[in-house]
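Q: Below are the structure tokens for one structure; questions will follow.
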Amino acid sequence: QVQLVESGGGLVQPGGSLRLSCAASGIIFSRYAMGWYRQAPGKQRELVAIISIGGRITFADSVKGRFTISRDYAKSTVYLQMNSLKPEDTAVYYCNAGFGPAYYWGQGTQVTVSS
């Protein structure tokens, strides 16, 4: 059974930082591209960042220079470090694992940026 378990969300003030983690099980982690997506109320889910099995990284323009993504193969975990957070970063953040037609989602973790 595939599981992607996110953690690290919460409430943070503008300008603050959070680190999200996504622990994967039930997949061969090294074969999957791993990504973070987010969905704000009333909006479509959008890509935040993705890291390929070779380490190639793609960011949404809105988070470039503020967010970083990394993966730990030993722990089958992907991280999203979020700095200089803005109110518009408020959303539910979802972890994603993709390999060809296989595509899995985590349950999501809420990030709220507010003073």
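Every chain in the structure tokens has a letter given in the order shown (A, B, ...), and although residue numbers restart at 1 in each chain, ligands are simply numbered from 1 in the order shown.
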Please identify all polymer residues within 7 Å of Thr77 in chain A, counting only C-alpha atoms, omitting same-chain residues fewer than 3 positions from it, and present them as a compact mmCIF listing (two decimals) with all heavy atoms, in the first residue's frame.
A:
```txt
# COMPACT_ATOMS: atom_id res chain seq x y z
N SER A 21 7.66 18.06 5.32
CA SER A 21 8.25 16.76 5.04
C SER A 21 7.19 15.83 4.47
O SER A 21 6.01 15.94 4.81
CB SER A 21 8.81 16.13 6.33
OG SER A 21 9.80 16.94 6.92
N CYS A 22 7.62 14.93 3.63
CA CYS A 22 6.73 13.92 3.06
C CYS A 22 7.46 12.59 3.08
O CYS A 22 8.44 12.41 2.35
CB CYS A 22 6.32 14.29 1.66
SG CYS A 22 5.41 12.99 0.79
N ALA A 23 7.00 11.69 3.92
CA ALA A 23 7.60 10.37 4.04
C ALA A 23 6.83 9.39 3.17
O ALA A 23 5.61 9.25 3.31
CB ALA A 23 7.59 9.91 5.49
N ALA A 24 7.55 8.73 2.28
CA ALA A 24 6.92 7.79 1.34
C ALA A 24 7.17 6.36 1.76
O ALA A 24 8.25 6.01 2.24
CB ALA A 24 7.49 8.01 -0.06
N ARG A 71 15.51 15.86 -1.39
CA ARG A 71 15.05 14.51 -1.11
C ARG A 71 16.15 13.71 -0.45
O ARG A 71 17.32 13.88 -0.78
CB ARG A 71 14.54 13.82 -2.39
CG ARG A 71 15.55 13.64 -3.49
CD ARG A 71 14.86 13.21 -4.81
NE ARG A 71 14.19 11.92 -4.69
CZ ARG A 71 13.36 11.42 -5.61
NH1 ARG A 71 13.11 12.11 -6.71
NH2 ARG A 71 12.80 10.24 -5.43
N ASP A 72 15.74 12.87 0.48
CA ASP A 72 16.66 12.00 1.22
C ASP A 72 16.32 10.57 0.84
O ASP A 72 15.29 10.04 1.28
CB ASP A 72 16.51 12.24 2.72
CG ASP A 72 17.52 11.46 3.56
OD1 ASP A 72 17.92 10.35 3.14
OD2 ASP A 72 17.89 11.94 4.64
N TYR A 73 17.16 9.95 0.03
CA TYR A 73 16.87 8.60 -0.45
C TYR A 73 16.91 7.58 0.68
O TYR A 73 16.14 6.62 0.68
CB TYR A 73 17.87 8.20 -1.55
CG TYR A 73 17.63 8.93 -2.84
CD1 TYR A 73 18.28 10.12 -3.14
CD2 TYR A 73 16.73 8.43 -3.79
CE1 TYR A 73 18.06 10.79 -4.33
CE2 TYR A 73 16.50 9.09 -4.98
CZ TYR A 73 17.16 10.27 -5.25
OH TYR A 73 16.93 10.94 -6.43
```
Q: Excluding Arg45 in chain A and any residue of its chain fewer than 6 positions from it, enumerate the residues within 10 Å of it, using only C-alpha atoms, and give them as a PyMOL selection string.
A: chain A and resi 37-39+91-94
Q: If you run DSSP on the backbone here, which positions in chain A get strand (DSSP E or B)? Please write them as a PyMOL selection string.
A: chain A and resi 3-7+10-12+18-25+33-39+46-51+57-59+67-72+77-82+91-99+102-105+109-113
Q: Find the residues near Thr112 in chain A: any atom within 12 Å, counting only C-alpha atoms, skip ones fewer than 5 places away on the same chain, and give them as JSON, numbers by chain.
A: {"A": [8, 9, 10, 11, 12, 13, 14, 16, 17, 18, 38, 39, 40, 41, 85, 86, 87, 88, 89, 90, 91, 92, 93]}
Q: Using CA of Tyr79 in chain A and CA of Met34 in chain A as the two end points, give the distance in Å to one decimal.
A: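 Distance between the two atoms: 9.5 Å.
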Q: A:Gln3, A:Glu46, A:Cys95, A:Arg19: which is nearest Leu80 in chain A, counting only C-alpha atoms?
A: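 Of all the options, A:Arg19 lies closest to Leu80 in chain A.
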Q: With distances taken over only C-alpha atoms, which residue among A:Trp105, A:Gly15, A:Ile51, A:Ser70 lies nearest Arg31 in chain A?
A: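 Using only C-alpha atoms, Arg31 in chain A sits closest to A:Ile51.
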Q: Rounded to one decimal place, report the CA of Trp36 in chain A-CA of Ser114 in chain A distance in Å.
A: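 Computing it gives 21.1 Å between the two atoms.
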Q: Leaving out Tyr104 in chain A and any residue of its chain fewer than 2 positions from it, which residues lie within 9 Å of it when counting only C-alpha atoms, given as number ranges by chain?
A: A: 2-4, 95-98, 102, 106
Q: So that I can see what lies close to Thr58 in chain A, please list as a compact mmCIF listing (two decimals) with N, CA, C and O atoms, in the first residue's frame the residues with an atom at most 10 Å from it, counting only C-alpha atoms and leaving out residues fewer than 5 positions away in the same chain.
A:
```txt
# COMPACT_ATOMS: atom_id res chain seq x y z
N GLY A 35 7.14 15.69 -5.87
CA GLY A 35 6.75 17.09 -6.01
C GLY A 35 5.86 17.57 -4.89
O GLY A 35 5.32 16.77 -4.11
N LEU A 47 1.32 23.46 -9.16
CA LEU A 47 2.65 22.96 -8.86
C LEU A 47 3.42 24.01 -8.06
O LEU A 47 3.41 25.19 -8.40
N VAL A 48 4.12 23.55 -7.02
CA VAL A 48 5.03 24.42 -6.27
C VAL A 48 6.46 24.10 -6.66
O VAL A 48 7.22 24.99 -7.05
N ALA A 49 6.82 22.83 -6.56
CA ALA A 49 8.19 22.42 -6.88
C ALA A 49 8.21 20.93 -7.14
O ALA A 49 7.39 20.18 -6.59
N ILE A 50 9.14 20.51 -7.99
CA ILE A 50 9.29 19.10 -8.28
C ILE A 50 10.77 18.78 -8.41
O ILE A 50 11.54 19.62 -8.91
N ILE A 51 11.16 17.60 -7.93
CA ILE A 51 12.54 17.16 -8.03
C ILE A 51 12.54 15.78 -8.66
O ILE A 51 11.85 14.86 -8.20
N SER A 52 13.31 15.65 -9.74
CA SER A 52 13.36 14.38 -10.46
C SER A 52 14.28 13.40 -9.76
O SER A 52 14.97 13.74 -8.79
N LYS A 64 10.15 30.94 -6.53
CA LYS A 64 11.58 30.94 -6.84
C LYS A 64 12.33 31.91 -5.93
O LYS A 64 11.89 33.04 -5.72
N THR A 68 12.95 25.90 -1.30
CA THR A 68 13.85 24.88 -1.82
C THR A 68 13.24 23.50 -1.61
O THR A 68 12.46 23.30 -0.67
N ILE A 69 13.59 22.58 -2.48
CA ILE A 69 13.11 21.21 -2.38
C ILE A 69 14.31 20.28 -2.36
O ILE A 69 15.32 20.54 -3.04
```
Q: Just give me the gap between CA of Arg66 in chain A and CA of Asn83 in chain A in Å, one decimal is fine.
A: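 Computing it gives 5.1 Å between the two atoms.
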Q: Kindly indicate which residue among A:Ser7, A:Gly108, A:Asp61, A:Leu20 lies nearest to Gln81 in chain A, using only C-alpha atoms for the distances.
A: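 The closest residue to Gln81 in chain A is A:Leu20.
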Q: Find the residue from A:Gly65, A:Val113, A:Ile53, A:Phe59 that sits nearest to Tyr32 in chain A; use only C-alpha atoms when measuring.
A: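 Nearest candidate to Tyr32 in chain A out of A:Gly65, A:Val113, A:Ile53, A:Phe59: A:Ile53.
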